[in-house]
file entry_26.pdb (PDB, C-alpha atoms (C1' of nucleotides))
MODEL        1
ATOM      1  CA  ASP A 694     257.903 101.629 -49.069
ATOM      2  CA  LYS A 695     256.654 102.541 -45.616
ATOM      3  CA  MET A 696     253.801 100.087 -45.511
ATOM      4  CA  PRO A 697     255.791  97.061 -44.317
ATOM      5  CA  LYS A 698     257.368  99.145 -41.533
ATOM      6  CA  LEU A 699     253.877 100.114 -40.464
ATOM      7  CA  GLY A 700     252.958  96.499 -40.202
ATOM      8  CA  CYS A 701     251.102  95.822 -43.369
ATOM      9  CA  VAL A 702     251.962  94.871 -46.903
ATOM     10  CA  PRO A 703     250.586  96.383 -50.089
ATOM     11  CA  ASP A 704     247.994  94.232 -51.797
ATOM     12  CA  VAL A 705     246.863  94.138 -55.400
ATOM     13  CA  PHE A 706     244.675  97.200 -54.797
ATOM     14  CA  SER A 707     247.592  99.259 -53.509
ATOM     15  CA  TYR A 708     249.797  98.184 -56.374
ATOM     16  CA  SER A 709     247.122  98.832 -58.974
ATOM     17  CA  ILE A 710     246.429 102.308 -57.638
ATOM     18  CA  TYR A 711     250.108 103.145 -57.797
ATOM     19  CA  MET A 712     250.301 101.670 -61.282
ATOM     20  CA  ASP A 713     247.444 103.911 -62.346
ATOM     21  CA  GLY A 714     249.270 106.919 -60.945
ATOM     22  CA  LEU A 715     252.353 106.110 -62.997
ATOM     23  CA  CYS A 716     250.264 105.621 -66.138
ATOM     24  CA  LYS A 717     248.311 108.834 -65.639
ATOM     25  CA  LYS A 718     251.610 110.693 -65.322
ATOM     26  CA  GLY A 719     252.619 109.145 -68.624
ATOM     27  CA  GLU A 720     255.479 107.235 -67.018
ATOM     28  CA  ILE A 721     254.737 104.072 -68.871
ATOM     29  CA  GLU A 722     258.241 102.622 -68.649
ATOM     30  CA  LYS A 723     258.098 102.890 -64.880
ATOM     31  CA  ALA A 724     254.665 101.292 -64.934
ATOM     32  CA  ILE A 725     256.043  98.291 -66.803
ATOM     33  CA  ASP A 726     258.939  98.014 -64.349
ATOM     34  CA  PHE A 727     256.433  98.286 -61.553
ATOM     35  CA  LEU A 728     254.476  95.321 -62.876
ATOM     36  CA  HIS A 729     257.596  93.218 -62.526
ATOM     37  CA  PHE A 730     258.322  94.737 -59.142
ATOM     38  CA  MET A 731     254.981  93.744 -57.678
ATOM     39  CA  ILE A 732     255.347  90.223 -59.015
ATOM     40  CA  SER A 733     258.788  90.027 -57.405
ATOM     41  CA  LYS A 734     257.135  91.051 -54.138
ATOM     42  CA  GLY A 735     254.783  88.119 -54.482
ATOM     43  CA  CYS A 736     251.713  90.046 -55.564
ATOM     44  CA  GLU A 737     249.980  88.712 -58.632
ATOM     45  CA  PRO A 738     248.547  91.373 -60.910
ATOM     46  CA  ASN A 739     244.868  90.922 -61.607
ATOM     47  CA  VAL A 740     242.558  92.084 -64.383
ATOM     48  CA  VAL A 741     242.438  95.628 -63.056
ATOM     49  CA  THR A 742     246.223  95.843 -62.831
ATOM     50  CA  TYR A 743     246.567  94.692 -66.410
ATOM     51  CA  ASN A 744     243.761  96.936 -67.593
ATOM     52  CA  THR A 745     245.461  99.896 -65.992
ATOM     53  CA  LEU A 746     248.731  99.193 -67.783
ATOM     54  CA  ILE A 747     246.993  98.393 -71.058
ATOM     55  CA  ASP A 748     245.088 101.671 -70.937
ATOM     56  CA  GLY A 749     248.292 103.540 -70.155
ATOM     57  CA  LEU A 750     249.972 101.999 -73.183
ATOM     58  CA  CYS A 751     246.955 102.719 -75.372
ATOM     59  CA  LYS A 752     246.923 106.350 -74.305
ATOM     60  CA  LYS A 753     250.566 106.533 -75.377
ATOM     61  CA  GLY A 754     249.622 105.077 -78.731
ATOM     62  CA  GLN A 755     251.486 101.831 -78.075
ATOM     63  CA  ILE A 756     248.696  99.531 -79.130
ATOM     64  CA  ASP A 757     250.872  96.620 -80.154
ATOM     65  CA  LYS A 758     252.541  96.564 -76.780
ATOM     66  CA  ALA A 759     249.157  96.824 -75.098
ATOM     67  CA  VAL A 760     247.987  93.808 -77.062
ATOM     68  CA  SER A 761     251.061  91.898 -75.925
ATOM     69  CA  TYR A 762     249.959  92.449 -72.331
ATOM     70  CA  VAL A 763     246.497  91.221 -73.233
ATOM     71  CA  ASP A 764     248.188  88.036 -74.395
ATOM     72  CA  GLU A 765     250.173  87.911 -71.166
ATOM     73  CA  MET A 766     247.107  88.268 -69.006
ATOM     74  CA  ILE A 767     245.327  85.563 -70.939
ATOM     75  CA  SER A 768     248.321  83.287 -70.484
ATOM     76  CA  LYS A 769     247.955  83.864 -66.751
ATOM     77  CA  GLN A 770     244.285  82.906 -66.884
ATOM     78  CA  HIS A 771     243.060  86.451 -66.503
ATOM     79  CA  GLN A 772     240.387  86.980 -69.104
ATOM     80  CA  PRO A 773     240.257  90.447 -70.645
ATOM     81  CA  ASN A 774     236.953  92.133 -69.942
ATOM     82  CA  VAL A 775     234.894  94.917 -71.446
ATOM     83  CA  ILE A 776     237.210  97.521 -69.950
ATOM     84  CA  THR A 777     240.237  95.917 -71.588
ATOM     85  CA  TYR A 778     238.571  96.051 -74.965
ATOM     86  CA  SER A 779     237.271  99.564 -74.455
ATOM     87  CA  SER A 780     240.784 100.761 -73.694
ATOM     88  CA  LEU A 781     242.136  99.164 -76.843
ATOM     89  CA  ILE A 782     239.340 100.605 -78.938
ATOM     90  CA  ASN A 783     239.938 104.025 -77.424
ATOM     91  CA  GLY A 784     243.648 103.810 -78.179
ATOM     92  CA  LEU A 785     242.994 102.902 -81.792
ATOM     93  CA  CYS A 786     240.410 105.663 -82.167
ATOM     94  CA  LYS A 787     242.762 108.281 -80.766
ATOM     95  CA  LYS A 788     245.307 107.214 -83.372
ATOM     96  CA  GLY A 789     242.664 107.574 -86.049
ATOM     97  CA  GLU A 790     242.656 103.856 -86.723
ATOM     98  CA  THR A 791     238.906 103.559 -86.620
ATOM     99  CA  GLU A 792     238.879 100.693 -89.067
ATOM    100  CA  LYS A 793     240.848  98.551 -86.646
ATOM    101  CA  ALA A 794     238.770  99.820 -83.749
ATOM    102  CA  VAL A 795     235.571  98.585 -85.392
ATOM    103  CA  GLY A 796     237.366  95.316 -86.015
ATOM    104  CA  PHE A 797     238.157  95.023 -82.308
ATOM    105  CA  LEU A 798     234.507  95.551 -81.482
ATOM    106  CA  ASP A 799     233.466  92.755 -83.819
ATOM    107  CA  ASP A 800     236.270  90.687 -82.386
ATOM    108  CA  MET A 801     235.141  91.040 -78.815
ATOM    109  CA  VAL A 802     231.569  90.210 -79.748
ATOM    110  CA  SER A 803     232.642  87.091 -81.594
ATOM    111  CA  LYS A 804     234.588  86.051 -78.499
ATOM    112  CA  GLY A 805     231.466  86.374 -76.438
ATOM    113  CA  HIS A 806     232.277  89.653 -74.683
ATOM    114  CA  GLN A 807     229.447  92.125 -74.581
ATOM    115  CA  PRO A 808     230.329  95.727 -75.342
ATOM    116  CA  ASN A 809     228.674  98.195 -73.012
ATOM    117  CA  VAL A 810     227.647 101.813 -73.420
ATOM    118  CA  VAL A 811     231.213 103.029 -72.777
ATOM    119  CA  THR A 812     232.584 100.777 -75.499
ATOM    120  CA  TYR A 813     230.048 102.089 -77.950
ATOM    121  CA  ASN A 814     230.543 105.684 -76.885
ATOM    122  CA  THR A 815     234.273 105.330 -77.356
ATOM    123  CA  LEU A 816     233.864 104.086 -80.879
ATOM    124  CA  ILE A 817     231.237 106.664 -81.755
ATOM    125  CA  ALA A 818     233.546 109.429 -80.515
ATOM    126  CA  GLY A 819     236.383 108.058 -82.608
ATOM    127  CA  LEU A 820     234.232 107.885 -85.719
ATOM    128  CA  CYS A 821     232.805 111.372 -85.175
ATOM    129  CA  GLY A 822     236.314 112.704 -84.732
ATOM    130  CA  LYS A 823     237.193 111.408 -88.171
ATOM    131  CA  GLY A 824     234.004 112.721 -89.714
ATOM    132  CA  GLU A 825     232.714 109.195 -90.275
ATOM    133  CA  PHE A 826     229.178 109.961 -89.221
ATOM    134  CA  GLU A 827     227.555 107.258 -91.293
ATOM    135  CA  ARG A 828     229.492 104.644 -89.431
ATOM    136  CA  ALA A 829     228.917 106.377 -86.124
ATOM    137  CA  MET A 830     225.193 106.181 -86.772
ATOM    138  CA  SER A 831     225.418 102.518 -87.645
ATOM    139  CA  ILE A 832     227.150 101.891 -84.325
ATOM    140  CA  LEU A 833     224.337 103.797 -82.651
ATOM    141  CA  ASP A 834     221.853 101.565 -84.444
ATOM    142  CA  GLU A 835     223.777  98.516 -83.348
ATOM    143  CA  MET A 836     223.705  99.529 -79.715
ATOM    144  CA  LEU A 837     220.005 100.281 -79.886
ATOM    145  CA  SER A 838     219.242  96.976 -81.546
ATOM    146  CA  LYS A 839     221.108  95.189 -78.780
ATOM    147  CA  GLY A 840     219.088  96.971 -76.183
ATOM    148  CA  HIS A 841     221.799  99.345 -74.975
ATOM    149  CA  GLN A 842     220.387 102.768 -74.235
ATOM    150  CA  PRO A 843     222.482 105.692 -75.389
ATOM    151  CA  ASP A 844     223.356 107.957 -72.486
ATOM    152  CA  VAL A 845     224.251 111.615 -72.091
ATOM    153  CA  VAL A 846     227.791 110.908 -73.289
ATOM    154  CA  THR A 847     226.547 109.254 -76.475
ATOM    155  CA  TYR A 848     224.327 112.191 -77.294
ATOM    156  CA  SER A 849     226.876 114.816 -76.321
ATOM    157  CA  THR A 850     229.433 113.133 -78.552
ATOM    158  CA  LEU A 851     227.088 113.156 -81.529
ATOM    159  CA  ILE A 852     225.977 116.740 -80.946
ATOM    160  CA  ASP A 853     229.552 117.964 -80.710
ATOM    161  CA  GLY A 854     230.733 115.990 -83.713
ATOM    162  CA  LEU A 855     227.869 116.984 -85.966
ATOM    163  CA  TRP A 856     227.956 120.631 -84.959
ATOM    164  CA  LYS A 857     231.682 120.887 -85.586
ATOM    165  CA  ASN A 858     231.075 119.345 -88.980
ATOM    166  CA  GLY A 859     228.569 122.077 -89.759
ATOM    167  CA  GLU A 860     225.565 119.777 -89.446
ATOM    168  CA  ILE A 861     223.802 121.890 -86.870
ATOM    169  CA  GLU A 862     220.327 120.710 -87.805
ATOM    170  CA  LYS A 863     221.251 117.114 -87.181
ATOM    171  CA  ALA A 864     223.004 118.058 -83.966
ATOM    172  CA  MET A 865     219.878 119.741 -82.685
ATOM    173  CA  ASN A 866     217.819 116.722 -83.693
ATOM    174  CA  HIS A 867     219.970 114.607 -81.417
ATOM    175  CA  LEU A 868     219.582 117.131 -78.630
ATOM    176  CA  ASN A 869     215.815 116.940 -78.947
ATOM    177  CA  ASP A 870     216.002 113.189 -79.208
ATOM    178  CA  MET A 871     217.958 112.887 -75.983
ATOM    179  CA  ILE A 872     215.566 115.164 -74.134
ATOM    180  CA  SER A 873     212.508 113.347 -75.425
ATOM    181  CA  ARG A 874     214.059 110.084 -74.307
ATOM    182  CA  GLY A 875     214.400 111.475 -70.832
ATOM    183  CA  HIS A 876     218.140 112.184 -70.808
ATOM    184  CA  LYS A 877     218.905 115.605 -69.416
ATOM    185  CA  PRO A 878     221.811 117.579 -70.835
ATOM    186  CA  ASN A 879     224.630 117.904 -68.325
ATOM    187  CA  ALA A 880     227.347 120.538 -67.917
ATOM    188  CA  VAL A 881     229.397 119.076 -70.768
ATOM    189  CA  THR A 882     226.408 118.985 -73.111
ATOM    190  CA  TYR A 883     225.685 122.624 -72.336
ATOM    191  CA  THR A 884     229.311 123.554 -72.850
ATOM    192  CA  ILE A 885     229.303 121.832 -76.235
ATOM    193  CA  LEU A 886     226.288 123.896 -77.283
ATOM    194  CA  ILE A 887     227.719 127.101 -75.864
ATOM    195  CA  ASN A 888     230.969 126.469 -77.700
ATOM    196  CA  GLY A 889     229.136 125.813 -80.943
ATOM    197  CA  LEU A 890     227.246 129.083 -80.638
ATOM    198  CA  CYS A 891     230.351 131.037 -79.648
ATOM    199  CA  LYS A 892     232.186 129.703 -82.685
ATOM    200  CA  LYS A 893     229.345 131.101 -84.796
ATOM    201  CA  ALA A 894     229.805 134.388 -82.941
ATOM    202  CA  GLU A 895     226.299 134.013 -81.515
ATOM    203  CA  ILE A 896     227.274 135.072 -78.049
ATOM    204  CA  GLU A 897     223.801 136.183 -77.076
ATOM    205  CA  LYS A 898     222.374 132.748 -77.662
ATOM    206  CA  ALA A 899     225.363 131.200 -75.930
ATOM    207  CA  LEU A 900     224.721 133.303 -72.840
ATOM    208  CA  TYR A 901     221.093 132.275 -72.975
ATOM    209  CA  PHE A 902     222.213 128.641 -72.761
ATOM    210  CA  LEU A 903     224.563 129.579 -69.948
ATOM    211  CA  ASP A 904     221.623 130.927 -67.968
ATOM    212  CA  GLY A 905     219.731 127.800 -68.873
ATOM    213  CA  MET A 906     222.379 125.491 -67.511
ATOM    214  CA  ILE A 907     222.719 127.430 -64.284
ATOM    215  CA  SER A 908     218.966 127.474 -63.763
ATOM    216  CA  LYS A 909     218.948 123.700 -64.228
ATOM    217  CA  GLY A 910     221.507 123.393 -61.491
ATOM    218  CA  HIS A 911     224.629 122.783 -63.584
ATOM    219  CA  GLN A 912     227.549 124.912 -62.514
ATOM    220  CA  PRO A 913     229.699 126.187 -65.377
ATOM    221  CA  ASP A 914     233.267 124.978 -64.967
ATOM    222  CA  VAL A 915     236.619 126.211 -66.222
ATOM    223  CA  VAL A 916     235.934 124.840 -69.711
ATOM    224  CA  THR A 917     232.538 126.539 -69.951
ATOM    225  CA  TYR A 918     234.002 129.874 -68.916
ATOM    226  CA  SER A 919     236.981 129.502 -71.231
ATOM    227  CA  VAL A 920     234.662 128.786 -74.151
ATOM    228  CA  ILE A 921     232.707 131.975 -73.500
ATOM    229  CA  ILE A 922     235.833 134.032 -72.953
ATOM    230  CA  ASN A 923     237.149 132.724 -76.262
ATOM    231  CA  GLY A 924     233.947 133.702 -78.015
ATOM    232  CA  LEU A 925     234.087 137.213 -76.590
ATOM    233  CA  CYS A 926     237.766 137.653 -77.385
ATOM    234  CA  LYS A 927     237.265 136.551 -80.984
ATOM    235  CA  LYS A 928     234.720 139.374 -81.284
ATOM    236  CA  GLY A 929     237.126 141.813 -79.683
ATOM    237  CA  GLU A 930     234.910 142.225 -76.629
ATOM    238  CA  PHE A 931     237.726 142.213 -74.148
ATOM    239  CA  ASN A 932     235.932 144.087 -71.405
ATOM    240  CA  LYS A 933     233.181 141.500 -71.361
ATOM    241  CA  ALA A 934     235.791 138.763 -71.468
ATOM    242  CA  LYS A 935     237.496 140.312 -68.472
ATOM    243  CA  ASN A 936     234.141 140.462 -66.693
ATOM    244  CA  PHE A 937     233.734 136.735 -67.179
ATOM    245  CA  LEU A 938     237.224 136.118 -65.900
ATOM    246  CA  ASP A 939     236.331 138.047 -62.741
ATOM    247  CA  LYS A 940     233.014 136.269 -62.516
ATOM    248  CA  MET A 941     234.515 132.800 -62.711
ATOM    249  CA  ILE A 942     237.014 133.614 -59.983
ATOM    250  CA  TYR A 943     234.228 135.105 -57.880
ATOM    251  CA  ASN A 944     232.287 131.876 -58.368
ATOM    252  CA  GLY A 945     235.205 129.856 -57.116
ATOM    253  CA  CYS A 946     236.301 128.566 -60.482
ATOM    254  CA  GLN A 947     240.037 128.844 -60.953
ATOM    255  CA  PRO A 948     241.159 129.950 -64.448
ATOM    256  CA  ASN A 949     243.840 127.714 -65.883
ATOM    257  CA  VAL A 950     246.547 128.063 -68.496
ATOM    258  CA  VAL A 951     244.036 127.606 -71.318
ATOM    259  CA  THR A 952     241.823 130.398 -69.981
ATOM    260  CA  TYR A 953     244.722 132.834 -69.835
ATOM    261  CA  THR A 954     246.176 131.775 -73.167
ATOM    262  CA  THR A 955     242.764 132.353 -74.716
ATOM    263  CA  ILE A 956     242.658 135.930 -73.484
ATOM    264  CA  ILE A 957     246.284 136.743 -74.208
ATOM    265  CA  ASN A 958     246.084 135.284 -77.687
ATOM    266  CA  GLY A 959     242.793 137.013 -78.370
ATOM    267  CA  MET A 960     244.243 140.371 -77.423
ATOM    268  CA  CYS A 961     247.490 139.899 -79.301
ATOM    269  CA  LYS A 962     245.687 138.853 -82.486
ATOM    270  CA  LYS A 963     243.755 142.126 -82.336
ATOM    271  CA  GLY A 964     246.902 144.149 -81.777
ATOM    272  CA  GLU A 965     246.136 144.861 -78.135
ATOM    273  CA  ILE A 966     249.577 143.941 -76.873
ATOM    274  CA  GLU A 967     249.429 146.437 -74.016
ATOM    275  CA  LYS A 968     246.229 144.955 -72.647
ATOM    276  CA  ALA A 969     247.645 141.464 -72.935
ATOM    277  CA  MET A 970     250.617 142.494 -70.825
TER     278      MET A 970
ATOM    279  C1'   G B 840     231.674  96.213 -41.454
ATOM    280  C1'   A B 841     236.743  99.492 -44.294
ATOM    281  C1'   G B 842     239.568 100.907 -50.506
ATOM    282  C1'   C B 843     235.054 106.058 -54.805
ATOM    283  C1'   A B 844     241.876 100.424 -57.727
ATOM    284  C1'   C B 845     240.954 100.258 -64.573
ATOM    285  C1'   A B 846     237.840 102.358 -70.042
ATOM    286  C1'   U B 847     234.041 106.918 -73.162
ATOM    287  C1'   A B 848     231.950 113.178 -74.645
ATOM    288  C1'   G B 849     233.425 119.709 -73.976
ATOM    289  C1'   A B 850     237.901 124.974 -74.206
ATOM    290  C1'   G B 851     243.151 128.118 -76.170
ATOM    291  C1'   A B 852     247.966 127.976 -78.945
TER     292        A B 852
ENDMDL
END
call {"tool": "encode", "arguments": {"input": "entry_26.pdb", "output": "structure tokens"}}
result
Amino acid sequence: DKMPKLGCVPDVFSYSIYMDGLCKKGEIEKAIDFLHFMISKGCEPNVVTYNTLIDGLCKKGQIDKAVSYVDEMISKQHQPNVITYSSLINGLCKKGETEKAVGFLDDMVSKGHQPNVVTYNTLIAGLCGKGEFERAMSILDEMLSKGHQPDVVTYSTLIDGLWKNGEIEKAMNHLNDMISRGHKPNAVTYTILINGLCKKAEIEKALYFLDGMISKGHQPDVVTYSVIINGLCKKGEFNKAKNFLDKMIYNGCQPNVVTYTTIINGMCKKGEIEKAM
RNA sequence: GAGCACAUAGAGA
């Protein structure tokens, strides 16, 4: 609102950034109104503007509406790109509609759009989340055969999915595979492994991996700490859990609502209501 | 010469 008074007018970047803000807040109705608003101000939305809105709709599960905006952008001569398709595929995956998501991938290929590593990762994550590992692996094969190198996200996704499905051997095979291919685990990869070990109550090993990640220069974040605190609480080791809470704060990592809920719940489940208070 | 404008993996209940 103030921009014109300051002698400049918002351009498509400004509008798209604001649009993204509305979408990230989940205010999708406002985002749709905003699309019309910017047009009324004489600013034509571009591919990024549409992608932003389409992703917002997809994240709300409104795939059909998202597709209608794909049609609209096409009618305005804005061709959907790999990000548009990735958003749609992600939306379908998050709804568990992996069948359709695979269909969209085939669709985009047949229309001459090349999926990239994010598109593939999105689909692999969706398939892993549904326990459809066979299909996830066939997508992995497809990306390899097309010359797309899996990245740390691809591998982390597979490791997490397989481990949570009890296929720890296979998960570790992928870990070794990624390392031998020259991809280093990052903080998320380490956290996935630490979580897997904590869930098996193997805290010692988990802490060994924690040391490993720190020595490789990856700082544990609020998720890493929360995972460990959860593992300790589930074993009733509240003093150690409290030590980690202190340690994370000391290390400049702010506990969040999940961290505290983890501790409070852990204590309450073990009848330690006083401590929780 | 200025804008990290949009998509993917990890925690509790």
call {"tool": "atom_distance", "arguments": {"input": "entry_26.pdb", "atom1": "atom CA of A:Ile921", "atom2": "atom CA of A:Gln947"}}
result
14.9 Å
call {"tool": "resolve_selection", "arguments": {"input": "entry_26.pdb", "expression": "the PyMOL selection byres ((chain B and resi 846) around 7)", "output": "JSON, numbers by chain"}}
result
{"A": [776, 779, 780], "B": [845, 847]}
call {"tool": "interface_residues", "arguments": {"input": "entry_26.pdb", "of": "chain A", "to": "chain B", "cutoff": "7 Å", "atoms": "only C-alpha atoms (C1' of nucleotides)", "output": "list in words"}}
result
Phe706, Ser709, Ile710, Val741, Asn744, Thr745, Ile776, Ser779, Ser780, Val811, Thr812, Asn814, Thr815, Val846, Thr847, Ser849, Thr850, Val881, Thr884, Ile885, Val916, Ser919, Val920, Val951, Thr952, Thr954 and Thr955 of chain A
call {"tool": "resolve_selection", "arguments": {"input": "entry_26.pdb", "expression": "the PyMOL selection byres ((chain A and resi 786) around 9)", "output": "ChimeraX atom specification"}}
result
/A:781-785,787-794,815-816,818-820,822-823
call {"tool": "write_last_selection", "arguments": {"input": "entry_26.pdb", "atoms": "C-alpha atoms", "output": "mmCIF file, in the frame of the given file"}}
result
data_model
loop_
_atom_site.group_PDB
_atom_site.id
_atom_site.type_symbol
_atom_site.label_atom_id
_atom_site.label_comp_id
_atom_site.auth_asym_id
_atom_site.auth_seq_id
_atom_site.Cartn_x
_atom_site.Cartn_y
_atom_site.Cartn_z
ATOM 1 C CA LEU A 781 242.136 99.164 -76.843
ATOM 2 C CA ILE A 782 239.340 100.605 -78.938
ATOM 3 C CA ASN A 783 239.938 104.025 -77.424
ATOM 4 C CA GLY A 784 243.648 103.810 -78.179
ATOM 5 C CA LEU A 785 242.994 102.902 -81.792
ATOM 6 C CA LYS A 787 242.762 108.281 -80.766
ATOM 7 C CA LYS A 788 245.307 107.214 -83.372
ATOM 8 C CA GLY A 789 242.664 107.574 -86.049
ATOM 9 C CA GLU A 790 242.656 103.856 -86.723
ATOM 10 C CA THR A 791 238.906 103.559 -86.620
ATOM 11 C CA GLU A 792 238.879 100.693 -89.067
ATOM 12 C CA LYS A 793 240.848 98.551 -86.646
ATOM 13 C CA ALA A 794 238.770 99.820 -83.749
ATOM 14 C CA THR A 815 234.273 105.330 -77.356
ATOM 15 C CA LEU A 816 233.864 104.086 -80.879
ATOM 16 C CA ALA A 818 233.546 109.429 -80.515
ATOM 17 C CA GLY A 819 236.383 108.058 -82.608
ATOM 18 C CA LEU A 820 234.232 107.885 -85.719
ATOM 19 C CA GLY A 822 236.314 112.704 -84.732
ATOM 20 C CA LYS A 823 237.193 111.408 -88.171
#
call {"tool": "atom_distance", "arguments": {"input": "entry_26.pdb", "atom1": "atom CA of A:Met830", "atom2": "atom CA of A:Val763"}}
result
29.3 Å
call {"tool": "resolve_selection", "arguments": {"input": "entry_26.pdb", "expression": "the PyMOL selection byres ((chain A and resi 937) around 12)", "output": "CSV table (one decimal) with C-alpha atoms, keeping the file's coordinate frame"}}
result
chain,number,residue,atom,x,y,z
A,900,LEU,CA,224.7,133.3,-72.8
A,903,LEU,CA,224.6,129.6,-69.9
A,913,PRO,CA,229.7,126.2,-65.4
A,914,ASP,CA,233.3,125.0,-65.0
A,915,VAL,CA,236.6,126.2,-66.2
A,917,THR,CA,232.5,126.5,-70.0
A,918,TYR,CA,234.0,129.9,-68.9
A,919,SER,CA,237.0,129.5,-71.2
A,920,VAL,CA,234.7,128.8,-74.2
A,921,ILE,CA,232.7,132.0,-73.5
A,922,ILE,CA,235.8,134.0,-73.0
A,923,ASN,CA,237.1,132.7,-76.3
A,924,GLY,CA,233.9,133.7,-78.0
A,925,LEU,CA,234.1,137.2,-76.6
A,926,CYS,CA,237.8,137.7,-77.4
A,930,GLU,CA,234.9,142.2,-76.6
A,931,PHE,CA,237.7,142.2,-74.1
A,932,ASN,CA,235.9,144.1,-71.4
A,933,LYS,CA,233.2,141.5,-71.4
A,934,ALA,CA,235.8,138.8,-71.5
A,935,LYS,CA,237.5,140.3,-68.5
A,936,ASN,CA,234.1,140.5,-66.7
A,938,LEU,CA,237.2,136.1,-65.9
A,939,ASP,CA,236.3,138.0,-62.7
A,940,LYS,CA,233.0,136.3,-62.5
A,941,MET,CA,234.5,132.8,-62.7
A,942,ILE,CA,237.0,133.6,-60.0
A,943,TYR,CA,234.2,135.1,-57.9
A,944,ASN,CA,232.3,131.9,-58.4
A,946,CYS,CA,236.3,128.6,-60.5
A,947,GLN,CA,240.0,128.8,-61.0
A,948,PRO,CA,241.2,130.0,-64.4
A,952,THR,CA,241.8,130.4,-70.0
A,953,TYR,CA,244.7,132.8,-69.8
A,956,ILE,CA,242.7,135.9,-73.5
call {"tool": "atom_distance", "arguments": {"input": "entry_26.pdb", "atom1": "atom CA of A:Gln770", "atom2": "atom CA of A:Gly719"}}
result
27.6 Å
call {"tool": "axis_aligned_box", "arguments": {"input": "entry_26.pdb", "around": "stretch 844-847 of chain B", "padding_each_side": "3 Å", "output": "lines of an AutoDock Vina configuration file"}}
result
center_x = 238.0
center_y = 103.6
center_z = -65.4
size_x = 13.8
size_y = 12.7
size_z = 21.4
call {"tool": "decode", "arguments": {"input": "entry_26.pdb", "residues": "chain B", "atoms": "C-alpha atoms (C1' of nucleotides)", "output": "tab-separated table (two decimals), in the first residue's frame"}}
result
chain	number	residue	atom	x	y	z
B	840	G	C1'	25.19	-3.28	-11.40
B	841	A	C1'	20.15	-4.25	-7.14
B	842	G	C1'	15.18	-8.85	-5.48
B	843	C	C1'	18.20	-15.47	-1.97
B	844	A	C1'	9.83	-14.23	-5.86
B	845	C	C1'	7.52	-20.68	-6.73
B	846	A	C1'	8.19	-27.23	-5.88
B	847	U	C1'	11.00	-32.40	-2.67
B	848	A	C1'	13.40	-35.69	2.73
B	849	G	C1'	13.71	-35.62	9.45
B	850	A	C1'	10.76	-34.87	15.66
B	851	G	C1'	5.92	-34.97	19.89
B	852	A	C1'	0.46	-35.40	20.80
